[in-house]
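Enquirer: Input file: query-v9.csv. Contents: CSV, C-alpha atoms.
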```
chain,number,residue,atom,x,y,z
A,1,MET,CA,-16.3,-87.4,58.9
A,2,SER,CA,-19.5,-86.0,57.4
A,3,SER,CA,-20.1,-82.3,57.6
A,4,PHE,CA,-23.4,-80.6,58.1
A,5,VAL,CA,-24.3,-77.3,56.5
A,6,LEU,CA,-27.1,-75.2,57.9
A,7,ARG,CA,-29.2,-73.7,55.2
A,8,ARG,CA,-31.9,-71.1,55.4
A,9,PRO,CA,-35.3,-72.7,54.6
A,10,ARG,CA,-36.6,-71.7,51.2
A,11,VAL,CA,-39.6,-69.4,51.2
A,12,ALA,CA,-42.4,-70.3,48.9
A,13,PRO,CA,-42.6,-67.9,45.9
A,14,ALA,CA,-46.2,-67.0,46.8
A,15,VAL,CA,-45.2,-66.1,50.4
A,16,ALA,CA,-42.2,-64.1,49.2
A,17,ALA,CA,-44.4,-62.2,46.7
A,18,ALA,CA,-47.0,-61.5,49.4
A,19,ARG,CA,-44.2,-60.1,51.7
A,20,SER,CA,-42.8,-57.9,49.0
A,21,ALA,CA,-46.3,-56.5,48.1
A,22,GLY,CA,-47.3,-56.0,51.7
A,23,PRO,CA,-46.0,-52.5,52.3
A,24,GLY,CA,-47.3,-51.0,49.0
A,25,LEU,CA,-50.7,-52.6,49.5
A,26,ALA,CA,-50.9,-51.4,53.0
A,27,LEU,CA,-50.1,-47.9,51.9
A,28,ALA,CA,-52.7,-48.0,49.1
A,29,SER,CA,-55.3,-49.4,51.5
A,30,GLY,CA,-54.6,-46.6,54.0
A,31,ALA,CA,-54.9,-44.0,51.2
A,32,ALA,CA,-58.2,-45.5,50.2
A,33,LEU,CA,-59.4,-45.1,53.8
A,34,LEU,CA,-58.2,-41.5,53.8
A,35,ALA,CA,-60.0,-40.8,50.5
A,36,TRP,CA,-63.2,-42.1,52.1
A,37,VAL,CA,-62.8,-39.7,55.0
A,38,VAL,CA,-62.2,-36.8,52.7
A,39,HIS,CA,-65.3,-37.8,50.7
A,40,VAL,CA,-67.4,-38.0,53.9
A,41,VAL,CA,-66.2,-34.5,55.0
A,42,PHE,CA,-66.6,-33.0,51.5
A,43,PRO,CA,-69.3,-35.1,49.7
A,44,ALA,CA,-68.9,-33.1,46.5
A,45,LEU,CA,-65.5,-34.7,46.0
A,46,PRO,CA,-65.9,-38.2,44.6
A,47,LEU,CA,-64.0,-40.9,46.5
A,48,LEU,CA,-62.3,-42.4,43.5
A,49,THR,CA,-61.2,-39.0,42.3
A,50,VAL,CA,-59.7,-38.2,45.7
A,51,ALA,CA,-57.9,-41.6,45.6
A,52,VAL,CA,-56.2,-40.7,42.3
A,53,ALA,CA,-55.3,-37.3,43.6
A,54,LEU,CA,-53.7,-38.8,46.7
A,55,GLY,CA,-51.7,-41.1,44.6
A,56,ILE,CA,-50.4,-38.3,42.4
A,57,LEU,CA,-49.6,-36.2,45.5
A,58,PHE,CA,-47.7,-39.1,47.1
A,59,ALA,CA,-45.8,-39.9,43.8
A,60,ASN,CA,-44.4,-36.4,43.8
A,61,LEU,CA,-43.1,-36.3,47.4
A,62,PRO,CA,-39.3,-35.6,47.5
A,63,GLY,CA,-38.6,-39.1,49.0
A,64,PHE,CA,-40.6,-41.0,46.4
A,65,SER,CA,-40.4,-39.1,43.2
A,66,ARG,CA,-37.2,-40.8,42.0
A,67,PRO,CA,-37.6,-44.5,40.9
A,68,ASP,CA,-34.2,-45.3,42.5
A,69,SER,CA,-35.2,-44.0,45.9
A,70,ALA,CA,-35.5,-46.4,48.9
A,71,PRO,CA,-39.2,-45.9,49.5
A,72,HIS,CA,-39.9,-46.6,45.8
A,73,SER,CA,-38.1,-49.9,45.9
A,74,VAL,CA,-39.9,-51.0,49.0
A,75,LEU,CA,-43.4,-49.9,47.9
A,76,ALA,CA,-43.3,-50.5,44.1
A,77,ALA,CA,-44.3,-54.2,44.2
A,78,GLY,CA,-47.4,-53.6,46.3
A,79,LEU,CA,-48.5,-50.6,44.3
A,80,GLN,CA,-48.2,-52.6,41.1
A,81,VAL,CA,-50.4,-55.3,42.6
A,82,ALA,CA,-52.9,-52.6,43.7
A,83,SER,CA,-53.0,-51.0,40.2
A,84,ARG,CA,-53.3,-54.4,38.4
A,85,THR,CA,-55.0,-57.1,40.4
A,86,CYS,CA,-57.3,-54.8,42.5
A,87,MET,CA,-58.3,-52.9,39.3
A,88,ARG,CA,-59.3,-56.2,37.5
A,89,LEU,CA,-61.3,-57.4,40.5
A,90,GLY,CA,-63.0,-54.1,40.8
A,91,ILE,CA,-64.0,-54.1,37.2
A,92,VAL,CA,-65.6,-57.5,37.5
A,93,LEU,CA,-67.7,-56.3,40.5
A,94,LEU,CA,-68.6,-53.2,38.5
A,95,GLY,CA,-70.8,-55.4,36.3
A,96,LEU,CA,-73.1,-56.0,39.3
A,97,GLU,CA,-74.1,-52.4,39.2
A,98,LEU,CA,-75.7,-52.7,35.8
A,99,SER,CA,-78.9,-54.6,34.8
A,100,LEU,CA,-79.8,-54.9,31.1
A,101,VAL,CA,-83.4,-54.2,32.2
A,102,ASP,CA,-82.4,-50.7,33.2
A,103,VAL,CA,-80.6,-50.1,29.9
A,104,ALA,CA,-83.8,-51.3,28.0
A,105,GLY,CA,-85.8,-48.8,30.1
A,106,LEU,CA,-83.9,-45.9,28.5
A,107,GLY,CA,-85.6,-46.6,25.2
A,108,TRP,CA,-83.9,-47.4,21.9
A,109,VAL,CA,-83.5,-43.8,20.8
A,110,THR,CA,-81.7,-42.8,24.0
A,111,GLY,CA,-79.7,-46.0,24.2
A,112,LEU,CA,-78.5,-45.7,20.6
A,113,GLY,CA,-77.6,-42.1,21.2
A,114,VAL,CA,-75.5,-42.9,24.2
A,115,ILE,CA,-73.6,-45.6,22.3
A,116,ALA,CA,-73.2,-43.3,19.2
A,117,VAL,CA,-71.6,-40.6,21.4
A,118,LEU,CA,-69.3,-43.1,23.0
A,119,VAL,CA,-68.2,-44.7,19.7
A,120,CYS,CA,-67.6,-41.3,18.0
A,121,THR,CA,-65.7,-40.0,21.0
A,122,PHE,CA,-63.5,-43.1,21.1
A,123,ALA,CA,-62.8,-42.9,17.4
A,124,LEU,CA,-62.0,-39.2,17.3
A,125,THR,CA,-59.8,-39.3,20.4
A,126,TYR,CA,-57.9,-42.3,19.2
A,127,LEU,CA,-57.3,-40.8,15.7
A,128,PHE,CA,-56.4,-37.4,17.1
A,129,GLY,CA,-54.0,-39.0,19.5
A,130,ARG,CA,-52.3,-40.8,16.7
A,131,ALA,CA,-52.2,-37.6,14.7
A,132,MET,CA,-50.6,-35.8,17.6
A,133,ARG,CA,-48.0,-38.6,17.9
A,134,LEU,CA,-48.8,-39.6,21.5
A,135,PRO,CA,-46.2,-42.2,22.5
A,136,GLY,CA,-46.9,-46.0,22.8
A,137,GLN,CA,-50.5,-47.0,23.4
A,138,GLN,CA,-51.5,-43.6,24.9
A,139,PRO,CA,-54.0,-42.9,22.1
A,140,LEU,CA,-56.0,-46.0,23.0
A,141,LEU,CA,-55.8,-45.3,26.7
A,142,VAL,CA,-56.9,-41.7,26.5
A,143,ALA,CA,-59.7,-42.7,24.1
A,144,ALA,CA,-61.0,-45.4,26.5
A,145,GLY,CA,-60.8,-43.1,29.5
A,146,PHE,CA,-62.6,-40.2,28.0
A,147,SER,CA,-65.3,-42.2,26.1
A,148,ILE,CA,-66.2,-45.0,28.6
A,149,CYS,CA,-65.6,-44.7,32.3
A,150,GLY,CA,-62.5,-42.7,33.2
A,151,ALA,CA,-59.6,-44.2,35.1
A,152,SER,CA,-61.2,-47.7,35.4
A,153,ALA,CA,-61.4,-48.0,31.6
A,154,ILE,CA,-57.8,-46.8,31.3
A,155,GLY,CA,-56.8,-49.5,33.7
A,156,ALA,CA,-58.7,-52.2,31.7
A,157,MET,CA,-57.3,-51.0,28.4
A,158,SER,CA,-53.7,-50.8,29.8
A,159,ARG,CA,-53.9,-54.5,30.7
A,160,VAL,CA,-54.9,-55.4,27.1
A,161,THR,CA,-52.2,-53.2,25.6
A,162,ARG,CA,-49.7,-54.4,28.1
A,163,SER,CA,-48.9,-50.8,29.1
A,164,ASP,CA,-47.1,-50.3,32.3
A,165,GLU,CA,-48.1,-47.9,35.0
A,166,LYS,CA,-45.8,-45.2,33.7
A,167,GLU,CA,-47.5,-45.2,30.3
A,168,ALA,CA,-50.9,-45.1,31.8
A,169,ALA,CA,-50.0,-42.3,34.2
A,170,THR,CA,-50.6,-39.4,31.8
A,171,PRO,CA,-54.1,-40.5,30.7
A,172,ILE,CA,-55.0,-41.2,34.4
A,173,ALA,CA,-53.9,-37.6,35.3
A,174,LEU,CA,-55.8,-36.0,32.4
A,175,VAL,CA,-59.0,-37.9,32.8
A,176,THR,CA,-59.0,-37.0,36.5
A,177,LEU,CA,-58.3,-33.3,35.7
A,178,CYS,CA,-61.1,-33.1,33.1
A,179,GLY,CA,-63.6,-35.1,35.2
A,180,THR,CA,-63.0,-32.7,38.1
A,181,LEU,CA,-63.4,-29.7,35.8
A,182,ALA,CA,-66.8,-31.2,34.7
A,183,ILE,CA,-68.1,-31.2,38.3
A,184,VAL,CA,-67.6,-27.4,38.3
A,185,VAL,CA,-68.3,-26.4,34.6
A,186,LEU,CA,-71.4,-28.4,33.7
A,187,PRO,CA,-73.6,-27.1,36.6
A,188,VAL,CA,-72.7,-23.6,35.6
A,189,LEU,CA,-73.9,-24.3,32.0
A,190,TRP,CA,-77.1,-26.1,33.2
A,191,HIS,CA,-79.5,-23.1,33.2
A,192,PRO,CA,-77.9,-21.0,30.5
A,193,LEU,CA,-78.3,-23.9,28.1
A,194,GLY,CA,-82.0,-24.1,29.0
A,195,LEU,CA,-81.9,-27.8,30.1
A,196,THR,CA,-84.6,-29.3,32.3
A,197,ASP,CA,-83.5,-31.4,35.3
A,198,LEU,CA,-83.8,-34.7,33.5
A,199,GLN,CA,-82.0,-33.3,30.4
A,200,PHE,CA,-79.2,-32.2,32.6
A,201,GLY,CA,-79.0,-35.6,34.2
A,202,HIS,CA,-78.9,-37.2,30.7
A,203,TRP,CA,-76.1,-34.8,29.6
A,204,VAL,CA,-74.0,-35.5,32.7
A,205,GLY,CA,-74.4,-39.3,32.4
A,206,ALA,CA,-73.5,-39.2,28.7
A,207,SER,CA,-70.4,-36.9,29.0
A,208,VAL,CA,-68.8,-37.1,32.4
A,209,HIS,CA,-66.1,-39.8,32.7
A,210,ASP,CA,-66.1,-41.5,36.2
A,211,VAL,CA,-69.2,-42.9,37.9
A,212,GLY,CA,-68.3,-41.0,41.1
A,213,GLN,CA,-67.9,-37.7,39.1
A,214,VAL,CA,-71.3,-38.3,37.5
A,215,VAL,CA,-72.9,-38.6,40.9
A,216,ALA,CA,-71.2,-35.5,42.2
A,217,THR,CA,-72.3,-33.5,39.2
A,218,ALA,CA,-75.9,-34.7,38.7
A,219,GLN,CA,-77.0,-34.8,42.3
A,220,ILE,CA,-77.5,-31.0,42.4
A,221,ALA,CA,-80.4,-31.4,40.0
A,222,GLY,CA,-82.4,-33.7,42.2
A,223,SER,CA,-83.0,-37.5,42.6
A,224,GLY,CA,-84.7,-37.9,39.2
A,225,ALA,CA,-81.8,-36.3,37.3
A,226,LEU,CA,-79.3,-38.4,39.4
A,227,ALA,CA,-81.1,-41.7,38.7
A,228,LEU,CA,-81.2,-41.0,34.9
A,229,ALA,CA,-77.5,-39.9,34.9
A,230,VAL,CA,-76.4,-43.1,36.6
A,231,VAL,CA,-78.4,-45.4,34.2
A,232,VAL,CA,-77.0,-43.5,31.2
A,233,LYS,CA,-73.5,-43.7,32.7
A,234,LEU,CA,-73.7,-47.4,33.4
A,235,THR,CA,-74.9,-48.0,29.8
A,236,ARG,CA,-71.6,-46.5,28.8
A,237,VAL,CA,-69.8,-48.8,31.2
A,238,LEU,CA,-71.5,-51.7,29.5
A,239,MET,CA,-69.6,-50.8,26.4
A,240,LEU,CA,-66.3,-51.5,28.3
A,241,ALA,CA,-66.1,-55.1,27.1
A,242,PRO,CA,-66.6,-54.5,23.3
A,243,MET,CA,-64.3,-51.4,23.3
A,244,VAL,CA,-61.6,-53.3,25.2
A,245,GLY,CA,-62.0,-56.0,22.5
A,246,VAL,CA,-61.6,-53.3,19.8
A,247,GLY,CA,-58.4,-52.2,21.6
A,248,ALA,CA,-57.1,-55.7,21.7
A,249,TRP,CA,-57.8,-56.1,18.0
A,250,LEU,CA,-55.9,-52.9,17.2
A,251,VAL,CA,-52.9,-54.0,19.2
A,252,ARG,CA,-52.9,-57.5,17.6
A,253,ARG,CA,-53.0,-55.9,14.2
A,254,GLN,CA,-50.1,-53.7,15.1
A,255,GLU,CA,-48.1,-56.7,16.4
A,256,ARG,CA,-48.8,-58.7,13.2
A,257,GLN,CA,-47.7,-55.7,11.0
A,258,ARG,CA,-44.4,-55.6,13.0
A,259,GLN,CA,-43.9,-59.3,12.7
A,260,HIS,CA,-44.4,-59.3,8.9
A,261,ALA,CA,-42.5,-56.1,8.2
A,262,PRO,CA,-39.5,-56.6,5.9
A,263,GLY,CA,-36.4,-57.2,7.9
A,264,ALA,CA,-38.3,-57.6,11.2
A,265,ALA,CA,-36.2,-59.5,13.7
A,266,GLU,CA,-37.6,-62.6,15.3
A,267,ALA,CA,-37.8,-62.2,19.0
A,268,SER,CA,-38.6,-64.5,21.8
A,269,ALA,CA,-42.2,-64.4,23.1
A,270,PRO,CA,-42.6,-62.5,26.4
A,271,THR,CA,-44.0,-64.5,29.2
A,272,ASP,CA,-46.0,-61.6,30.5
A,273,GLY,CA,-46.3,-63.4,33.8
A,274,ALA,CA,-47.3,-60.3,35.6
A,275,SER,CA,-50.3,-59.7,33.5
A,276,GLY,CA,-51.9,-63.0,34.1
A,277,ASP,CA,-54.2,-62.6,31.1
A,278,THR,CA,-53.0,-65.7,29.1
A,279,ILE,CA,-51.4,-69.0,30.0
A,280,ALA,CA,-49.1,-70.7,27.5
A,281,ILE,CA,-49.6,-74.5,27.2
A,282,GLY,CA,-47.4,-76.8,25.3
A,283,PRO,CA,-43.7,-77.3,24.5
A,284,ALA,CA,-41.4,-74.4,24.6
A,285,THR,CA,-40.6,-72.6,21.4
A,286,PRO,CA,-37.0,-71.9,20.6
A,287,ALA,CA,-36.1,-68.3,21.1
A,288,SER,CA,-34.8,-68.0,17.6
A,289,SER,CA,-38.2,-68.8,16.0
A,290,ALA,CA,-40.7,-67.5,18.5
A,291,ARG,CA,-42.7,-64.4,17.9
A,292,PRO,CA,-44.1,-61.9,20.4
A,293,ALA,CA,-47.3,-63.2,22.0
A,294,LEU,CA,-50.5,-61.3,20.9
A,295,PRO,CA,-52.8,-59.9,23.6
A,296,PRO,CA,-56.0,-61.8,24.3
A,297,ILE,CA,-59.2,-60.6,22.6
A,298,LEU,CA,-61.2,-61.1,25.8
A,299,PRO,CA,-59.2,-60.8,29.0
A,300,TRP,CA,-60.5,-62.8,32.0
A,301,PHE,CA,-61.6,-59.7,33.9
A,302,VAL,CA,-63.7,-58.4,31.0
A,303,ALA,CA,-65.4,-61.8,30.7
A,304,GLY,CA,-66.0,-61.7,34.5
A,305,PHE,CA,-67.6,-58.2,34.0
A,306,LEU,CA,-70.0,-59.5,31.4
A,307,LEU,CA,-70.9,-62.5,33.6
A,308,ALA,CA,-71.6,-60.1,36.5
A,309,VAL,CA,-73.9,-58.1,34.2
A,310,LEU,CA,-75.8,-61.2,33.2
A,311,LEU,CA,-76.0,-62.3,36.8
A,312,ARG,CA,-77.5,-59.0,37.9
A,313,THR,CA,-80.0,-59.2,35.0
A,314,LEU,CA,-81.1,-62.8,35.3
A,315,VAL,CA,-80.9,-63.5,39.0
A,316,PRO,CA,-82.8,-61.7,41.8
A,317,LEU,CA,-79.8,-60.9,44.1
A,318,PRO,CA,-80.4,-60.0,47.7
A,319,GLU,CA,-80.0,-56.3,48.5
A,320,ALA,CA,-77.5,-57.1,51.2
A,321,PHE,CA,-75.3,-58.9,48.7
A,322,LEU,CA,-75.4,-56.0,46.3
A,323,THR,CA,-74.6,-53.5,49.0
A,324,ALA,CA,-71.6,-55.6,50.1
A,325,ALA,CA,-70.4,-56.0,46.5
A,326,ASP,CA,-70.7,-52.3,45.9
A,327,LEU,CA,-68.6,-51.6,49.0
A,328,LEU,CA,-65.9,-54.1,48.0
A,329,ARG,CA,-65.9,-52.7,44.5
A,330,THR,CA,-65.4,-49.2,45.8
A,331,VAL,CA,-62.6,-50.3,48.1
A,332,LEU,CA,-60.8,-52.2,45.3
A,333,LEU,CA,-61.0,-49.4,42.8
A,334,ALA,CA,-59.9,-46.8,45.4
A,335,VAL,CA,-56.8,-48.9,46.2
A,336,ALA,CA,-56.2,-49.5,42.4
A,337,LEU,CA,-56.6,-45.8,41.5
A,338,PHE,CA,-54.2,-44.8,44.2
A,339,GLY,CA,-51.7,-47.2,42.8
A,340,LEU,CA,-52.2,-45.8,39.3
A,341,GLY,CA,-52.0,-42.2,40.5
A,342,ALA,CA,-48.7,-43.1,42.2
A,343,ALA,CA,-47.1,-43.6,38.8
A,344,VAL,CA,-47.8,-40.0,37.7
A,345,ARG,CA,-44.7,-37.7,37.8
A,346,LEU,CA,-45.9,-34.1,37.4
A,347,GLY,CA,-42.4,-33.0,36.2
A,348,GLU,CA,-42.5,-35.5,33.3
A,349,LEU,CA,-46.1,-34.5,32.6
A,350,VAL,CA,-45.2,-30.8,32.3
A,351,ARG,CA,-42.2,-31.6,30.1
A,352,THR,CA,-43.8,-34.0,27.7
A,353,GLY,CA,-47.5,-34.0,28.2
A,354,TRP,CA,-48.7,-30.9,26.2
A,355,ARG,CA,-49.8,-33.0,23.2
A,356,ALA,CA,-51.7,-35.3,25.5
A,357,LEU,CA,-53.3,-32.3,27.3
A,358,LEU,CA,-54.5,-30.9,24.0
A,359,VAL,CA,-56.0,-34.3,23.0
A,360,ALA,CA,-57.7,-34.6,26.4
A,361,LEU,CA,-59.2,-31.1,26.2
A,362,VAL,CA,-60.5,-31.6,22.6
A,363,SER,CA,-61.9,-35.0,23.6
A,364,TRP,CA,-63.6,-33.5,26.7
A,365,ALA,CA,-65.2,-30.7,24.7
A,366,PHE,CA,-66.2,-33.0,21.9
A,367,ILE,CA,-68.0,-35.5,24.1
A,368,ALA,CA,-69.8,-32.7,26.0
A,369,ALA,CA,-71.0,-31.1,22.8
A,370,LEU,CA,-72.0,-34.4,21.2
A,371,ALA,CA,-73.8,-35.5,24.3
A,372,LEU,CA,-75.7,-32.2,24.5
A,373,ALA,CA,-76.8,-32.7,20.9
A,374,ALA,CA,-78.0,-36.2,21.7
A,375,VAL,CA,-80.0,-34.9,24.6
A,376,HIS,CA,-81.9,-32.4,22.4
A,377,LEU,CA,-82.4,-35.1,19.7
A,378,GLY,CA,-83.7,-37.5,22.3
```
Here is a file; write its structure as structure tokens.

Expert:
Amino acid sequence: MSSFVLRRPRVAPAVAAARSAGPGLALASGAALLAWVVHVVFPALPLLTVAVALGILFANLPGFSRPDSAPHSVLAAGLQVASRTCMRLGIVLLGLELSLVDVAGLGWVTGLGVIAVLVCTFALTYLFGRAMRLPGQQPLLVAAGFSICGASAIGAMSRVTRSDEKEAATPIALVTLCGTLAIVVLPVLWHPLGLTDLQFGHWVGASVHDVGQVVATAQIAGSGALALAVVVKLTRVLMLAPMVGVGAWLVRRQERQRQHAPGAAEASAPTDGASGDTIAIGPATPASSARPALPPILPWFVAGFLLAVLLRTLVPLPEAFLTAADLLRTVLLAVALFGLGAAVRLGELVRTGWRALLVALVSWAFIAALALAAVHLG
């Protein structure tokens, strides 16, 4: 006599992943909506800065602050998708904000000055971070955030360096703190430094980290200063691709040095399936002879960013399309930055973050001073 066994139907992996990510994504989306409401009520507060702040606030609530808590286990998968996938897609759409024609309109002196400020800030911050013995890849993350475009650049660089949300948490908190301080400090220094409206806009665009923070700071000097600040800022954003490439090269060099170090143990290559940046093709390598996989020089989302810049430059896109893309980019980045903010633990930051805080403050002061010198030279 045959017997029948009832079995629960298997759920497709994609469906199971979507279900596990649902609660966290829903929370991040709701927080993005709340950040928009706060921005509408208080226009001086940039939406993306508010999204990061909400994430940090939520991460330190009593019921979520411990990684082993029940809310954390339910929401973690969705918040990870928010901080990774949404960030990448938002960075691709950020490319549609920038036309190479606008960059050329700055003139070669101003353009080279903006790039020189960025490169010098990146190099100084990275070297100072290494000298201060910041852990892991934090020197690269802080350097990217303070020199290029704030939390978005940290998110991009963290994907190349394969840093997790916890490692990126301190740089995200610091770039948010210093960018918020810039909204208050730079306008106070505007007239004492003897800057014209346009010079102030140039200074803000060359030194403030996040695009939203640039808008919040420069708008007080009028529409001309705001327009110049945004173009200068987006010129810095254009450097995201080559600077992420530099970060990838540094990480690859570090990995090769570890692999060839005397007595280095051979380890199996990580699949890095969550990152989605590379796909291994070919027969499997035995674990005993495999080496850790090196990060890609050009991740797919950076290539997408460059293609979006070229599309905006070469193709006359309808205004309605650009408006919709800008709205979607803002939503994706707000969701992503809430997810990144949700990895910040203020207790750990207070206990271990004084070196990072010093690096951040020095970098912030350096880029402000260097940008001010470039304004006068231009």

Enquirer: Counting only C-alpha atoms, which residue out of A:Met157, A:Ala44, A:Ala32, A:Leu372 sits closest to A:Gly205?

Expert: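 Checking each of A:Met157, A:Ala44, A:Ala32, A:Leu372 against A:Gly205, counting only C-alpha atoms, the winner is A:Leu372.
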
Enquirer: Which of these residues is nearest to A:Trp354, using all atoms listed in the file: A:Leu48, A:Val232, A:Leu134, A:Ala144?

Expert: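 For A:Trp354, the nearest of the candidates is A:Leu134.
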
Enquirer: Rank A:Ala374, A:Leu177, A:Val302, A:Ala168 by their smallest atom-to-atom distance to A:Ala343, using only C-alpha atoms, and report the top residue only.

Expert: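 Result for the nearest residue to A:Ala343: A:Ala168.
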
Enquirer: Which residues come within 12 Å of A:Leu328, counting only C-alpha atoms, excluding same-chain residues fewer than 2 positions away, as a PDB file with C-alpha atoms, in the frame of the given file?

Expert:
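Below is the file that was written, selection.pdb:
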```
ATOM      1  CA  ALA A  32     -58.200 -45.500  50.200  1.00  0.00           C
ATOM      2  CA  CYS A  86     -57.300 -54.800  42.500  1.00  0.00           C
ATOM      3  CA  MET A  87     -58.300 -52.900  39.300  1.00  0.00           C
ATOM      4  CA  LEU A  89     -61.300 -57.400  40.500  1.00  0.00           C
ATOM      5  CA  GLY A  90     -63.000 -54.100  40.800  1.00  0.00           C
ATOM      6  CA  ILE A  91     -64.000 -54.100  37.200  1.00  0.00           C
ATOM      7  CA  VAL A  92     -65.600 -57.500  37.500  1.00  0.00           C
ATOM      8  CA  LEU A  93     -67.700 -56.300  40.500  1.00  0.00           C
ATOM      9  CA  LEU A  94     -68.600 -53.200  38.500  1.00  0.00           C
ATOM     10  CA  LEU A  96     -73.100 -56.000  39.300  1.00  0.00           C
ATOM     11  CA  PHE A 321     -75.300 -58.900  48.700  1.00  0.00           C
ATOM     12  CA  LEU A 322     -75.400 -56.000  46.300  1.00  0.00           C
ATOM     13  CA  THR A 323     -74.600 -53.500  49.000  1.00  0.00           C
ATOM     14  CA  ALA A 324     -71.600 -55.600  50.100  1.00  0.00           C
ATOM     15  CA  ALA A 325     -70.400 -56.000  46.500  1.00  0.00           C
ATOM     16  CA  ASP A 326     -70.700 -52.300  45.900  1.00  0.00           C
ATOM     17  CA  THR A 330     -65.400 -49.200  45.800  1.00  0.00           C
ATOM     18  CA  VAL A 331     -62.600 -50.300  48.100  1.00  0.00           C
ATOM     19  CA  LEU A 332     -60.800 -52.200  45.300  1.00  0.00           C
ATOM     20  CA  LEU A 333     -61.000 -49.400  42.800  1.00  0.00           C
ATOM     21  CA  ALA A 334     -59.900 -46.800  45.400  1.00  0.00           C
ATOM     22  CA  VAL A 335     -56.800 -48.900  46.200  1.00  0.00           C
TER      23      VAL A 335
END
```

Enquirer: Compare A:Val344, A:Ala368, A:Ala336, A:Leu140 by their minimum atom-to-atom distance to A:Ala248, counting all atoms listed in the file, and give me the closest one.

Expert: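 Closest to A:Ala248, using all atoms listed in the file: A:Leu140.
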
Enquirer: Restricting the calculation to all atoms listed in the file, which member of A:Leu34, A:Ala143, A:Val359, A:Val50 is positioned closest to A:Leu337?

Expert: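 Comparing A:Leu34, A:Ala143, A:Val359, A:Val50 against A:Leu337, the winner is A:Val50.
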
Enquirer: Please complete stretch 366-377 of chain A so it has N, CA, C and O atoms, and hand it over as a compact mmCIF listing (two decimals), keeping the file's coordinate frame.

Expert:
```
# COMPACT_ATOMS: atom_id res chain seq x y z
N PHE A 366 -65.46 -32.32 22.94
CA PHE A 366 -66.20 -33.00 21.90
C PHE A 366 -67.31 -33.89 22.51
O PHE A 366 -68.46 -33.86 22.04
N ILE A 367 -67.00 -34.66 23.55
CA ILE A 367 -68.00 -35.50 24.10
C ILE A 367 -69.12 -34.70 24.80
O ILE A 367 -70.30 -35.07 24.76
N ALA A 368 -68.76 -33.55 25.40
CA ALA A 368 -69.80 -32.70 26.00
C ALA A 368 -70.72 -32.14 24.95
O ALA A 368 -71.95 -32.11 25.13
N ALA A 369 -70.16 -31.66 23.84
CA ALA A 369 -71.00 -31.10 22.80
C ALA A 369 -71.84 -32.17 22.10
O ALA A 369 -73.04 -31.96 21.81
N LEU A 370 -71.24 -33.34 21.83
CA LEU A 370 -72.00 -34.40 21.20
C LEU A 370 -73.09 -34.95 22.07
O LEU A 370 -74.21 -35.22 21.62
N ALA A 371 -72.80 -35.08 23.38
CA ALA A 371 -73.80 -35.50 24.30
C ALA A 371 -74.96 -34.54 24.43
O ALA A 371 -76.14 -34.93 24.55
N LEU A 372 -74.65 -33.26 24.41
CA LEU A 372 -75.70 -32.20 24.50
C LEU A 372 -76.58 -32.30 23.24
O LEU A 372 -77.82 -32.17 23.36
N ALA A 373 -75.99 -32.52 22.07
CA ALA A 373 -76.80 -32.70 20.90
C ALA A 373 -77.70 -33.90 20.96
O ALA A 373 -78.88 -33.86 20.54
N ALA A 374 -77.18 -35.01 21.53
CA ALA A 374 -78.00 -36.20 21.70
C ALA A 374 -79.14 -36.00 22.66
O ALA A 374 -80.24 -36.55 22.46
N VAL A 375 -78.92 -35.20 23.69
CA VAL A 375 -80.00 -34.90 24.60
C VAL A 375 -81.14 -34.16 23.92
O VAL A 375 -82.32 -34.49 24.11
N HIS A 376 -80.83 -33.19 23.09
CA HIS A 376 -81.90 -32.40 22.40
C HIS A 376 -82.56 -33.30 21.34
O HIS A 376 -83.77 -33.17 21.12
N LEU A 377 -81.81 -34.19 20.69
CA LEU A 377 -82.40 -35.10 19.70
C LEU A 377 -83.33 -36.11 20.35
O LEU A 377 -84.32 -36.53 19.77
```
